[in-house]
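See below for final_37.cif, which holds mmCIF, C-alpha atoms and all ligand atoms.
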data_start
loop_
_atom_site.label_atom_id
_atom_site.label_comp_id
_atom_site.auth_asym_id
_atom_site.auth_seq_id
_atom_site.Cartn_x
_atom_site.Cartn_y
_atom_site.Cartn_z
CA MET H 362 0.00 0.00 0.00
CA PRO H 363 2.23 2.83 -1.23
CA GLY H 364 -0.48 5.39 -0.43
CA PHE H 365 -0.41 4.47 3.24
CA ALA H 366 3.40 4.40 3.38
CA GLU H 367 3.55 7.85 1.79
CA ALA H 368 1.04 9.17 4.30
CA VAL H 369 3.10 7.76 7.19
CA ALA H 370 6.27 9.32 5.75
CA GLY H 371 4.44 12.64 5.39
CA VAL H 372 3.33 12.60 9.02
CA GLU H 373 6.87 11.74 10.12
CA ARG H 374 8.33 14.66 8.16
CA TRP H 375 5.84 16.95 9.78
CA LEU H 376 6.44 15.68 13.33
CA LEU H 377 10.19 15.20 13.11
CA PRO H 378 12.81 17.23 11.26
CA PRO H 379 14.68 14.98 8.82
CA ALA H 380 17.50 13.56 10.93
CA CYS H 381 19.42 10.35 10.42
CA LEU H 382 18.12 7.51 12.56
CA LEU H 383 21.68 6.36 13.30
CA CYS H 384 23.78 9.50 13.80
CA ASP H 385 21.13 12.23 14.33
CA GLY H 386 22.87 14.21 11.60
CA PRO H 387 20.79 16.15 9.06
CA VAL H 388 19.45 14.25 6.06
CA PRO H 389 19.65 16.33 2.85
CA ALA H 390 16.23 17.39 1.51
CA ARG H 391 16.62 15.30 -1.66
CA GLU H 392 16.84 12.13 0.45
CA CYS H 393 14.58 13.20 3.30
CA ASP H 394 12.75 9.88 3.33
CA ALA H 395 15.97 7.94 3.62
CA LEU H 396 15.92 7.48 7.44
CA VAL H 397 19.63 6.67 7.27
CA CYS H 398 21.98 9.34 5.91
CA GLY H 399 24.38 8.68 3.06
CA LEU H 400 27.39 9.01 5.33
CA CYS H 401 26.18 6.29 7.71
CA ARG H 402 25.40 4.02 4.76
CA SER H 403 28.82 4.67 3.24
CA ARG H 404 30.33 3.38 6.48
CA TRP H 405 28.72 -0.04 6.10
CA GLU H 406 31.58 -2.40 5.23
CA PRO H 407 30.76 -4.90 2.45
CA VAL H 408 31.62 -8.55 3.01
CA ALA H 409 34.11 -8.91 0.17
CA GLY H 410 36.98 -11.06 -1.04
CA PRO H 411 37.36 -14.80 -1.54
CA CYS H 412 34.84 -16.73 0.48
CA CYS H 413 33.51 -20.24 1.06
CA ASP H 414 31.23 -21.12 -1.89
CA ARG H 415 28.57 -22.41 0.41
CA CYS H 416 28.36 -20.23 3.52
CA GLY H 417 30.02 -17.08 2.21
CA GLN H 418 32.48 -16.81 5.09
CA PRO H 419 35.81 -15.26 4.05
CA ALA H 420 38.13 -18.14 3.17
CA PHE H 421 41.87 -18.41 3.42
CA GLY H 422 43.61 -20.82 1.05
CA ASP H 423 42.15 -24.27 0.42
CA LEU H 424 41.32 -25.12 4.03
CA GLU H 425 37.97 -26.88 4.41
CA CYS H 426 35.41 -24.47 5.82
CA ARG H 427 34.71 -25.23 9.45
CA LEU H 428 31.63 -23.05 9.63
CA CYS H 429 29.34 -24.92 7.24
CA ALA H 430 30.86 -28.44 7.26
CA GLY H 431 28.28 -29.66 9.80
CA TRP H 432 25.18 -28.07 8.25
CA PRO H 433 22.36 -30.37 7.18
CA SER H 434 22.04 -30.60 3.39
CA GLY H 435 19.58 -28.35 1.60
CA LEU H 436 21.04 -24.88 1.93
CA VAL H 437 23.54 -24.46 -0.90
CA ARG H 438 24.64 -20.83 -0.77
CA VAL H 439 24.53 -17.93 1.71
CA ARG H 440 25.69 -14.37 1.12
CA SER H 441 25.62 -11.27 3.35
CA ALA H 442 25.87 -7.62 2.36
CA VAL H 443 27.89 -6.01 5.17
CA TRP H 444 29.73 -6.75 8.39
CA LEU H 445 27.83 -6.37 11.64
CA ARG H 446 29.87 -3.41 12.85
CA GLY H 447 29.35 0.24 13.73
CA THR H 448 26.37 1.86 12.05
CA ALA H 449 25.30 -1.45 10.45
CA ARG H 450 24.94 -2.94 13.92
CA ALA H 451 23.01 0.16 15.02
CA ALA H 452 20.67 -0.19 12.03
CA VAL H 453 19.91 -3.82 12.88
CA HIS H 454 19.20 -2.78 16.46
CA ARG H 455 16.72 -0.12 15.30
CA LEU H 456 14.99 -2.64 13.06
CA LYS H 457 14.85 -5.44 15.57
CA TYR H 458 14.43 -3.90 19.00
CA GLU H 459 13.24 -0.33 18.56
CA GLY H 460 10.25 -0.70 16.26
CA TRP H 461 11.81 1.12 13.29
CA TRP H 462 10.70 -1.35 10.65
CA ARG H 463 10.98 1.25 7.86
CA VAL H 464 14.76 1.08 8.21
CA ALA H 465 14.35 -2.21 6.31
CA GLY H 466 14.35 -0.04 3.14
CA PRO H 467 17.99 1.09 3.25
CA LEU H 468 19.08 -2.32 4.50
CA ALA H 469 17.36 -4.02 1.56
CA GLU H 470 18.97 -1.52 -0.81
CA SER H 471 22.41 -2.74 0.26
CA MET H 472 21.36 -6.38 -0.34
CA ARG H 473 19.94 -6.04 -3.85
CA ARG H 474 23.10 -7.12 -5.69
CA LEU H 475 23.75 -10.28 -3.69
CA GLU H 476 24.36 -13.27 -5.98
CA PRO H 477 21.40 -15.46 -4.93
CA LEU H 478 19.01 -12.77 -6.21
CA THR H 479 20.07 -13.15 -9.85
CA GLY H 480 17.76 -16.09 -10.63
CA ARG H 481 13.96 -16.30 -10.86
CA VAL H 482 13.68 -16.88 -7.15
CA CYS H 483 11.05 -16.29 -4.49
CA LEU H 484 11.98 -14.64 -1.21
CA ILE H 485 11.17 -16.43 2.03
CA PRO H 486 11.53 -14.51 5.28
CA VAL H 487 12.83 -16.54 8.21
CA PRO H 488 9.79 -16.78 10.49
CA LEU H 489 9.73 -15.82 14.16
CA GLY H 490 8.12 -17.98 16.84
CA ALA H 491 4.62 -16.85 17.85
CA ARG H 492 5.67 -15.48 21.24
CA ARG H 493 8.48 -13.34 19.83
CA LEU H 494 6.26 -12.14 16.99
CA ARG H 495 3.63 -10.97 19.51
CA ALA H 496 6.25 -9.18 21.60
CA ARG H 497 7.86 -7.39 18.63
CA GLY H 498 4.66 -6.75 16.67
CA TYR H 499 6.28 -7.63 13.33
CA ASN H 500 8.86 -9.96 11.87
CA GLN H 501 11.93 -7.94 10.90
CA SER H 502 12.90 -10.53 8.25
CA GLU H 503 9.49 -10.18 6.64
CA ARG H 504 9.92 -6.40 6.45
CA LEU H 505 13.34 -6.89 4.88
CA ALA H 506 12.00 -9.41 2.37
CA ALA H 507 9.09 -7.12 1.47
CA ALA H 508 11.40 -4.14 0.88
CA LEU H 509 13.78 -6.30 -1.15
CA GLY H 510 10.96 -7.89 -3.16
CA ASP H 511 9.83 -4.39 -4.21
CA LEU H 512 13.38 -3.43 -5.20
CA VAL H 513 14.24 -6.49 -7.28
CA GLY H 514 10.75 -7.43 -8.45
CA ARG H 515 10.66 -10.90 -6.93
CA PRO H 516 7.70 -12.39 -5.06
CA VAL H 517 7.74 -12.84 -1.28
CA ARG H 518 6.30 -16.09 0.10
CA ALA H 519 5.82 -15.72 3.84
CA ASP H 520 3.32 -18.61 3.85
CA LEU H 521 5.73 -21.44 3.06
CA LEU H 522 7.72 -21.67 6.25
CA ALA H 523 6.50 -21.78 9.86
CA ARG H 524 8.28 -21.91 13.18
CA PRO H 525 5.97 -23.92 15.43
CA ARG H 526 8.61 -24.50 18.08
CA GLU H 527 9.86 -21.50 20.04
CA THR H 528 13.62 -21.58 20.53
CA ARG H 529 15.84 -19.99 23.12
CA THR H 530 17.64 -16.83 22.10
CA GLN H 531 20.84 -17.82 20.33
CA THR H 532 22.96 -14.93 21.55
CA ALA H 533 24.94 -16.68 24.28
CA LEU H 534 25.19 -20.13 22.65
CA THR H 535 28.23 -21.85 21.11
CA PRO H 536 27.96 -22.89 17.43
CA GLU H 537 27.22 -26.51 18.40
CA ALA H 538 24.55 -25.49 20.91
CA ARG H 539 22.96 -23.20 18.30
CA GLN H 540 22.53 -26.08 15.90
CA ALA H 541 20.89 -28.26 18.59
CA ASN H 542 18.71 -25.33 19.67
CA VAL H 543 17.10 -24.87 16.24
CA ALA H 544 16.92 -28.55 15.23
CA GLY H 545 13.36 -29.32 14.10
CA ALA H 546 12.21 -25.74 14.72
CA PHE H 547 10.82 -25.18 11.20
CA GLN H 548 8.02 -26.69 9.14
CA ALA H 549 7.63 -26.02 5.43
CA ARG H 550 4.54 -26.33 3.25
CA ALA H 551 4.70 -27.83 -0.23
CA ALA H 552 7.47 -25.94 -2.03
CA ALA H 553 7.84 -28.30 -5.01
CA GLY H 554 10.02 -26.90 -7.77
CA LEU H 555 10.54 -23.49 -6.16
CA ALA H 556 13.88 -21.69 -6.19
CA CYS H 557 13.92 -20.26 -2.69
CA VAL H 558 16.02 -17.51 -1.16
CA LEU H 559 15.71 -17.21 2.61
CA VAL H 560 15.95 -13.64 3.92
CA ASP H 561 17.20 -12.77 7.40
CA ASP H 562 18.71 -9.76 9.13
CA VAL H 563 21.91 -11.25 10.55
CA PHE H 564 24.08 -14.29 9.80
CA THR H 565 25.92 -15.55 12.88
CA THR H 566 26.78 -19.25 12.53
CA GLY H 567 24.15 -20.04 9.90
CA ALA H 568 22.49 -22.65 12.15
CA THR H 569 19.03 -21.10 11.80
CA LEU H 570 19.31 -20.66 8.02
CA ALA H 571 20.64 -24.20 7.56
CA GLU H 572 17.74 -25.65 9.55
CA ALA H 573 15.16 -23.57 7.69
CA GLY H 574 16.81 -24.56 4.40
CA ALA H 575 16.65 -28.24 5.30
CA ALA H 576 12.90 -27.92 5.99
CA LEU H 577 12.28 -26.26 2.59
CA SER H 578 14.38 -28.88 0.88
CA ARG H 579 12.35 -31.71 2.48
CA ALA H 580 9.21 -29.92 1.24
CA GLY H 581 10.45 -30.25 -2.34
CA ALA H 582 12.16 -26.91 -3.04
CA ALA H 583 14.27 -27.07 -6.21
CA SER H 584 17.01 -25.01 -4.55
CA VAL H 585 17.52 -23.12 -1.32
CA GLU H 586 19.87 -20.19 -0.89
CA ALA H 587 19.91 -17.42 1.70
CA ILE H 588 20.86 -13.78 2.08
CA THR H 589 21.28 -11.56 5.11
CA PHE H 590 21.88 -7.87 5.57
CA ALA H 591 24.73 -8.30 8.06
CA ARG H 592 27.26 -10.93 9.04
CA ALA H 593 28.59 -11.22 12.59
CA GLU H 594 32.36 -11.41 12.97
CA PRO H 595 33.45 -15.02 13.37
CA PRO H 596 33.84 -16.14 16.97
CA VAL H 597 37.39 -17.00 18.00
CA THR H 598 36.68 -20.75 17.87
CA LEU H 599 35.98 -20.52 14.13
CA ALA H 600 38.91 -18.32 13.18
ZN ZN H 701 23.74 9.10 9.72
ZN ZN H 702 31.57 -22.52 4.53
#
If you convert what's in this file into structure tokens, what do you get?
Amino acid sequence: MPGFAEAVAGVERWLLPPACLLCDGPVPARECDALVCGLCRSRWEPVAGPCCDRCGQPAFGDLECRLCAGWPSGLVRVRSAVWLRGTARAAVHRLKYEGWWRVAGPLAESMRRLEPLTGRVCLIPVPLGARRLRARGYNQSERLAAALGDLVGRPVRADLLARPRETRTQTALTPEARQANVAGAFQARAAAGLACVLVDDVFTTGATLAEAGAALSRAGAASVEAITFARAEPPVTLA
């Protein structure tokens, strides 16, 4: 509903002077709906350089990747736009914990050239459990997928994947514990023949994406890839 979104943006301009959501600096008039100023966006650091074909983690030499070796099959490729540092971390925080779902727009903009988006794919937001969805009021991954779908002209299918089992927050868990924590958390509806790209805000160890990808694969998806806005720095144990 662009009409509604424009009305909301209009009310915001009237109530609040155009200031960047991340640095409070002025936002130039020509980009007054941007929420995040150009300077803050220019400080997002792209995940670049040689990386593991599958999980997208920066790779050094021919060493076997320790991050994705234990993933269940299904998920074949993951790519992230920027490192979870500085103003990128602040943007994720606004999106996830402070109710600023419209910041999904600039985040999606930085994801639009990620390799998995080149095919005729459908976008599948990683679902939240019911309790967390009630507490937050929206699923941040769904907002990201919607913004991205508009940008790249691909359909969003939020109906294919469900998360019937609530899982503990992953923040304090080791990579092994994360994998056990999300095992069996997702259920997928018939996805026969679909080329799926999972969309999430942050990649940490990939345990959640791998589990969601395995569920889609069991439901008949032709391929499953994933993209995230940010990628957490590898923990010391994976370095
Ligand atoms: Zn700024
Ligand atoms: Zn890997």
Original post:
With only C-alpha atoms and all ligand atoms as the basis for distance, which of H:Leu478, H:Val443, H:Ala571, H:Leu484 is at the shortest distance from ligand ZN 702 (chain H)?
Top reply: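 When distances to ligand ZN 702 (chain H) are compared using only C-alpha atoms and all ligand atoms, the smallest one comes from H:Ala571.
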**OP:** Have a look at H:Thr589, H:Ser403, H:Ser434, H:Thr566 and name the one nearest to Leu505 (chain H); count all atoms listed in the file.
**Re:**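 Going through H:Thr589, H:Ser403, H:Ser434, H:Thr566 one by one, the smallest distance to Leu505 (chain H) is for H:Thr589.
Residues in contact with Thr448 (chain H) at up to 8 Å, not including ones fewer than 4 positions away on its chain and judged by only C-alpha atoms, are Leu383, Cys401, Arg402, Arg404, Trp405 and Ala452 of chain H.
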Original post:
What do you get as a ChimeraX atom specification if you pick all residues at most 7 Å from ligand ZN 702 (chain H), counting all atoms listed in the file?
Top reply: /H:413-418,426-430
Subject >> Selected residue, from H:Gly581, H:Pro389, H:Pro379, H:Gly410, that lies nearest to Arg550 (chain H) when counting only C-alpha atoms >> reply: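 Checking each candidate against Arg550 (chain H), we get H:Gly581 as the closest.
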Could you tell me, counting all atoms listed in the file, which protein and nucleic acid residues lie no more than 7 Å from ligand ZN 701 (chain H), written as a JSON list (two decimals) with C-alpha atoms, in the coordinates of the input?
[["chain", "number", "residue", "atom", "x", "y", "z"],
["H", 381, "CYS", "CA", 19.42, 10.35, 10.42],
["H", 382, "LEU", "CA", 18.12, 7.51, 12.56],
["H", 383, "LEU", "CA", 21.68, 6.36, 13.30],
["H", 384, "CYS", "CA", 23.78, 9.50, 13.80],
["H", 385, "ASP", "CA", 21.13, 12.23, 14.33],
["H", 386, "GLY", "CA", 22.87, 14.21, 11.60],
["H", 397, "VAL", "CA", 19.63, 6.67, 7.27],
["H", 398, "CYS", "CA", 21.98, 9.34, 5.91],
["H", 399, "GLY", "CA", 24.38, 8.68, 3.06],
["H", 400, "LEU", "CA", 27.39, 9.01, 5.33],
["H", 401, "CYS", "CA", 26.18, 6.29, 7.71]]
**OP:** For each of H:Gln548, H:Ser578, H:Thr569, H:Ser502, take the minimum atom-to-atom distance to Gln531 (chain H), counting only C-alpha atoms, then give the residue where this is smallest.
**Re:** H:Thr569
Subject >> Minimum-distance residue to Ala573 (chain H), chosen among H:Leu396, H:Leu424, H:Ala549, H:Val482 (using all atoms listed in the file) >> reply: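 Going through H:Leu396, H:Leu424, H:Ala549, H:Val482 one by one, the smallest distance to Ala573 (chain H) is for H:Ala549.
Here the question is which of H:Cys412, H:Ala395, H:Leu577, H:Val558 gets nearest to Pro486 (chain H) using only C-alpha atoms, and that residue is H:Val558.
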Original post:
By how many Å are CA of Arg526 (chain H) and CA of Phe547 (chain H) apart?
Top reply: 7.3 Å
Original post:
Just how far from CA of Ala538 (chain H) is CA of Ala519 (chain H), in Å to one decimal?
Top reply: 27.2 Å
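Rounded to one decimal, CA of Thr535 (chain H) and CA of Arg504 (chain H) lie 28.1 Å from each other.
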**OP:** Considering all atoms listed in the file, return as number ranges by chain whatever protein or nucleic-acid residues lie within 9 Å of Glu459 (chain H), sequence-local ones (same chain, fewer than 4 positions apart) excluded.
**Re:** H: 454-455, 497
**OP:** For Thr565 (chain H), please output as a PyMOL selection string all residues within 8 Å (counting all atoms listed in the file; exclusion window: fewer than 2 positions along the same chain).
**Re:** chain H and resi 563+567-568+592-595
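Taking all atoms listed in the file into account, those protein, DNA and RNA residues with any atom at most 9 Å away from (14.4, -7.6, -4.9) amount to Ala469, Glu470, Met472, Arg473, Arg474, Leu478, Leu484, Ala506, Ala507, Ala508, Leu509, Gly510, Asp511, Leu512, Val513, Gly514, Arg515 and Pro516 of chain H.
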